[in-house]
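Shown next: run_12.cif, given as mmCIF, C-alpha atoms.
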```
data_my_file
#
loop_
_atom_site.label_atom_id
_atom_site.label_comp_id
_atom_site.auth_asym_id
_atom_site.auth_seq_id
_atom_site.Cartn_x
_atom_site.Cartn_y
_atom_site.Cartn_z
CA MET A 15 138.12 -53.06 227.20
CA ASP A 16 141.36 -52.43 229.04
CA ALA A 17 142.41 -49.06 230.48
CA GLY A 18 144.83 -48.32 227.62
CA ALA A 19 142.14 -48.78 224.98
CA ARG A 20 139.76 -46.52 226.92
CA VAL A 21 142.40 -43.78 227.18
CA PHE A 22 143.23 -44.09 223.47
CA GLY A 23 139.53 -44.01 222.61
CA THR A 24 139.10 -40.85 224.65
CA LEU A 25 142.20 -39.20 223.17
CA ARG A 26 141.61 -40.37 219.59
CA PRO A 27 139.76 -37.23 218.39
CA ALA A 28 142.47 -34.99 219.86
CA LEU A 29 145.24 -37.11 218.32
CA LEU A 30 143.55 -37.03 214.91
CA ALA A 31 143.15 -33.25 215.13
CA ALA A 32 146.83 -32.85 216.10
CA ALA A 33 147.92 -35.11 213.22
CA GLY A 34 145.76 -33.10 210.82
CA LEU A 35 147.28 -29.84 212.02
CA LEU A 36 150.79 -31.25 211.62
CA LEU A 37 149.99 -32.27 208.05
CA ILE A 38 148.43 -28.96 207.04
CA ALA A 39 150.87 -26.69 208.93
CA PRO A 40 153.56 -26.60 206.19
CA SER A 41 151.00 -25.48 203.61
CA ILE A 42 149.62 -22.79 205.92
CA LEU A 43 153.11 -21.54 206.75
CA ALA A 44 154.05 -21.37 203.06
CA LEU A 45 150.85 -19.55 202.06
CA PRO A 46 152.22 -15.98 202.15
CA ASP A 47 155.12 -16.84 199.82
CA ARG A 48 152.96 -18.97 197.52
CA SER A 49 150.19 -16.43 197.26
CA ASP A 50 152.64 -13.85 195.94
CA LEU A 51 153.78 -16.32 193.28
CA VAL A 52 150.29 -17.16 192.04
CA ASP A 53 148.54 -13.82 192.54
CA ARG A 54 147.41 -12.68 189.08
CA SER A 55 145.05 -9.95 190.34
CA GLN A 56 147.20 -7.22 188.78
CA ASP A 57 147.84 -9.10 185.53
CA HIS A 58 145.85 -7.29 182.86
CA SER A 59 147.70 -8.78 179.89
CA ALA A 60 144.61 -10.57 178.54
CA GLN A 61 142.67 -7.30 178.59
CA VAL A 62 145.53 -5.43 176.90
CA TRP A 63 145.80 -8.19 174.27
CA THR A 64 142.03 -8.19 173.66
CA ASP A 65 141.84 -4.39 173.39
CA GLU A 66 144.74 -4.34 170.94
CA VAL A 67 143.30 -7.11 168.75
CA LEU A 68 139.78 -5.65 168.67
CA GLY A 69 141.20 -2.24 167.82
CA ALA A 70 143.23 -3.62 164.91
CA LEU A 71 140.52 -5.67 163.21
CA GLU A 72 138.85 -4.24 160.15
CA PRO A 73 135.05 -3.94 160.19
CA ASN A 74 133.14 -7.20 159.66
CA ALA A 75 136.30 -9.27 160.15
CA VAL A 76 136.51 -13.02 160.65
CA VAL A 77 139.03 -14.24 163.21
CA VAL A 78 140.14 -17.87 163.00
CA SER A 79 141.58 -18.60 166.39
CA TRP A 80 142.40 -21.19 169.02
CA TRP A 81 140.07 -21.69 171.98
CA SER A 82 142.40 -20.04 174.50
CA TYR A 83 142.43 -16.86 172.41
CA SER A 84 138.80 -17.12 171.32
CA THR A 85 137.47 -16.98 174.86
CA PRO A 86 138.60 -13.42 175.71
CA LEU A 87 137.40 -12.28 172.28
CA TRP A 88 134.02 -13.95 172.78
CA TYR A 89 133.75 -12.37 176.23
CA ALA A 90 134.45 -8.94 174.80
CA THR A 91 131.99 -9.35 171.93
CA ILE A 92 129.18 -11.25 173.67
CA VAL A 93 129.30 -10.08 177.29
CA ASP A 94 130.75 -6.59 176.86
CA GLY A 95 128.97 -5.99 173.54
CA ARG A 96 132.15 -4.79 171.82
CA ARG A 97 132.71 -5.34 168.11
CA PRO A 98 129.51 -7.29 167.33
CA ASP A 99 130.51 -7.06 163.66
CA ILE A 100 133.29 -9.64 163.97
CA LEU A 101 132.96 -13.42 163.72
CA ILE A 102 135.25 -15.55 165.87
CA ILE A 103 135.83 -19.10 164.69
CA ASP A 104 137.99 -21.51 166.62
CA ASP A 105 138.95 -25.11 166.06
CA ARG A 106 135.87 -26.32 167.96
CA ASN A 107 133.53 -24.28 165.69
CA ARG A 108 135.32 -25.64 162.65
CA LEU A 109 134.47 -29.17 163.75
CA ASP A 110 130.96 -28.55 165.09
CA GLN A 111 129.85 -26.50 162.08
CA ASN A 112 131.69 -28.58 159.47
CA LEU A 113 133.65 -25.56 158.30
CA GLY A 114 136.62 -27.64 157.23
CA ASP A 115 140.32 -27.05 157.65
CA LEU A 116 142.07 -23.71 157.95
CA ASN A 117 142.30 -23.30 154.15
CA GLN A 118 138.59 -23.93 153.74
CA VAL A 119 137.58 -21.47 156.45
CA ILE A 120 139.73 -18.72 154.96
CA GLU A 121 138.47 -19.49 151.46
CA ARG A 122 134.85 -19.38 152.63
CA PHE A 123 135.14 -15.82 153.98
CA ALA A 124 138.08 -14.16 152.17
CA ALA A 125 136.04 -12.92 149.20
CA THR A 126 133.59 -10.98 151.37
CA ARG A 127 135.23 -10.29 154.72
CA PRO A 128 138.71 -9.53 156.06
CA VAL A 129 140.19 -12.71 157.53
CA TYR A 130 142.61 -12.80 160.45
CA LEU A 131 144.37 -15.73 162.07
CA ILE A 132 145.60 -16.14 165.60
CA ARG A 133 148.35 -18.73 165.66
CA ASN A 134 151.33 -19.27 167.95
CA GLY A 135 153.38 -21.33 165.55
CA SER A 136 153.96 -21.80 161.87
CA THR A 137 153.06 -25.49 161.53
CA GLU A 138 149.63 -24.80 159.99
CA LEU A 139 150.82 -21.84 157.96
CA ALA A 140 152.84 -23.93 155.51
CA ALA A 141 149.58 -25.46 154.26
CA LEU A 142 148.40 -21.96 153.28
CA ALA A 143 151.38 -21.22 151.02
CA GLY A 144 150.48 -20.56 147.42
CA ARG A 145 146.83 -19.81 148.18
CA PHE A 146 147.08 -17.13 150.84
CA GLU A 147 149.59 -14.53 151.85
CA VAL A 148 149.83 -14.46 155.62
CA SER A 149 151.49 -11.53 157.33
CA SER A 150 151.75 -10.21 160.86
CA VAL A 151 149.57 -7.27 161.74
CA GLY A 152 152.54 -6.07 163.81
CA LEU A 153 150.93 -5.48 167.18
CA PRO A 154 153.28 -5.24 170.18
CA HIS A 155 151.03 -7.15 172.60
CA ALA A 156 149.46 -9.45 170.00
CA PRO A 157 152.26 -10.57 167.68
CA ASN A 158 150.27 -13.71 166.87
CA LEU A 159 147.53 -11.77 165.04
CA LEU A 160 148.00 -12.43 161.34
CA ARG A 161 146.17 -11.16 158.25
CA ALA A 162 145.34 -13.71 155.55
CA LEU A 163 144.75 -12.53 151.99
CA PRO A 164 144.21 -14.61 148.87
CA VAL A 165 147.44 -14.48 146.85
CA ALA A 166 145.80 -12.62 143.96
CA ALA A 167 144.38 -9.94 146.28
CA ALA A 168 147.68 -9.59 148.15
CA ARG A 169 149.53 -8.68 144.94
CA GLN A 170 147.11 -5.93 143.91
#
```
If you took the structure in this file and wrote it as structure tokens, what would it be?
Amino acid sequence: MDAGARVFGTLRPALLAAAGLLLIAPSILALPDRSDLVDRSQDHSAQVWTDEVLGALEPNAVVVSWWSYSTPLWYATIVDGRRPDILIIDDRNRLDQNLGDLNQVIERFAATRPVYLIRNGSTELAALAGRFEVSSVGLPHAPNLLRALPVAAARQ
């Protein structure tokens, strides 16, 4: 082995460490600015939303939701023990338990329990027209909480 190879072999660990530091330095230097952008430690919006929804639901209610909204509700009911009277059904439950489509889930429970929907758009709601009257509960932090009533019951 020639002298140059020996020197490089000796310096190789130091050169690799220096190259690694050069590659990671921009990320380390940007960390203070980035951490402020992604810090959600003071964001309590999910808790506010959950509290508002749980407070608005009638006793023994059924909530047909999406997974992203079901999870804070499940946490509140299962882990915190709040509102054990409500049943939360999301799209995954509908499939796993063969509950059917949105119409079928509402129909299954509407005669015996208050039914609420959590939806962020109106694409599914058109399929409910004529069978159910869907209206906003009117919550400031949870505008996507809707009440579903069979048309006959809604007109009484």
Using the chain letters and numbers from the file, give me the residues hit by the PyMOL selection byres ((chain A and resi 67) around 9), as an mmCIF file with C-alpha atoms, in the frame of the given file.
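Output below, filename expr05.cif:
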```cif
data_model
loop_
_atom_site.group_PDB
_atom_site.id
_atom_site.type_symbol
_atom_site.label_atom_id
_atom_site.label_comp_id
_atom_site.auth_asym_id
_atom_site.auth_seq_id
_atom_site.Cartn_x
_atom_site.Cartn_y
_atom_site.Cartn_z
ATOM 1 C CA VAL A 62 145.530 -5.430 176.900
ATOM 2 C CA TRP A 63 145.800 -8.190 174.270
ATOM 3 C CA THR A 64 142.030 -8.190 173.660
ATOM 4 C CA ASP A 65 141.840 -4.390 173.390
ATOM 5 C CA GLU A 66 144.740 -4.340 170.940
ATOM 6 C CA LEU A 68 139.780 -5.650 168.670
ATOM 7 C CA GLY A 69 141.200 -2.240 167.820
ATOM 8 C CA ALA A 70 143.230 -3.620 164.910
ATOM 9 C CA LEU A 71 140.520 -5.670 163.210
ATOM 10 C CA LEU A 87 137.400 -12.280 172.280
ATOM 11 C CA LEU A 153 150.930 -5.480 167.180
ATOM 12 C CA HIS A 155 151.030 -7.150 172.600
ATOM 13 C CA ALA A 156 149.460 -9.450 170.000
ATOM 14 C CA LEU A 159 147.530 -11.770 165.040
#
```
| query | atom CA of A:Glu72 and atom CA of A:Ile100 are how many Å apart? | reply | 8.6 Å
| request: Please evaluate the PyMOL selection byres ((chain A and resi 126) around 12) against the displayed coordinates and give the resulting residues as a list of chain:residue names. | output: A:Pro73, A:Asn74, A:Ala75, A:Val76, A:Ile120, A:Glu121, A:Arg122, A:Phe123, A:Ala124, A:Ala125, A:Arg127, A:Pro128, A:Val129, A:Leu163, A:Pro164, A:Ala167
| request: Report the distance between atom CA of A:Val93 and atom CA of A:Ser79 in Å, rounded to one decimal place. | output: 18.5 Å
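Take atom CA of A:Leu160 and atom CA of A:Ala141: the distance between them is 14.9 Å.
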Excluding A:Asn134 and residues on its chain fewer than 2 positions from it, collect all residues at most 12 Å away from it, counting all atoms listed in the file, and give them as a JSON list (two decimals) with C-alpha atoms, keeping the file's coordinate frame.
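Full text of result_37.json as output:
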```json
[["chain", "number", "residue", "atom", "x", "y", "z"],
["A", 79, "SER", "CA", 141.58, -18.60, 166.39],
["A", 80, "TRP", "CA", 142.40, -21.19, 169.02],
["A", 82, "SER", "CA", 142.40, -20.04, 174.50],
["A", 83, "TYR", "CA", 142.43, -16.86, 172.41],
["A", 131, "LEU", "CA", 144.37, -15.73, 162.07],
["A", 132, "ILE", "CA", 145.60, -16.14, 165.60],
["A", 136, "SER", "CA", 153.96, -21.80, 161.87],
["A", 137, "THR", "CA", 153.06, -25.49, 161.53],
["A", 138, "GLU", "CA", 149.63, -24.80, 159.99],
["A", 139, "LEU", "CA", 150.82, -21.84, 157.96],
["A", 150, "SER", "CA", 151.75, -10.21, 160.86],
["A", 156, "ALA", "CA", 149.46, -9.45, 170.00],
["A", 157, "PRO", "CA", 152.26, -10.57, 167.68],
["A", 158, "ASN", "CA", 150.27, -13.71, 166.87],
["A", 159, "LEU", "CA", 147.53, -11.77, 165.04],
["A", 160, "LEU", "CA", 148.00, -12.43, 161.34]]
```
Skipping near chain neighbours, those fewer than 4 positions away, what residues fall within 9 Å of A:Trp81 using only C-alpha atoms, listed as a PDB file with C-alpha atoms, in the coordinates of the input?
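What ended up in part_22.pdb:
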```pdb
ATOM      1  CA  THR A  85     137.470 -16.980 174.860  1.00  0.00           C
ATOM      2  CA  ILE A 103     135.830 -19.100 164.690  1.00  0.00           C
ATOM      3  CA  ASP A 104     137.990 -21.510 166.620  1.00  0.00           C
ATOM      4  CA  ASP A 105     138.950 -25.110 166.060  1.00  0.00           C
ATOM      5  CA  ARG A 106     135.870 -26.320 167.960  1.00  0.00           C
TER       6      ARG A 106
END
```
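Comparing A:Ser49, A:Gln111, A:Ser41, A:Ser149 by their smallest distance to A:Tyr130, the closest is A:Ser149 (using all atoms listed in the file).
Nearest-residue note for A:Ile102: choosing from A:Gly152, A:Pro86, A:Pro46, A:Pro27, the minimum distance belongs to A:Pro86, counting all atoms listed in the file.
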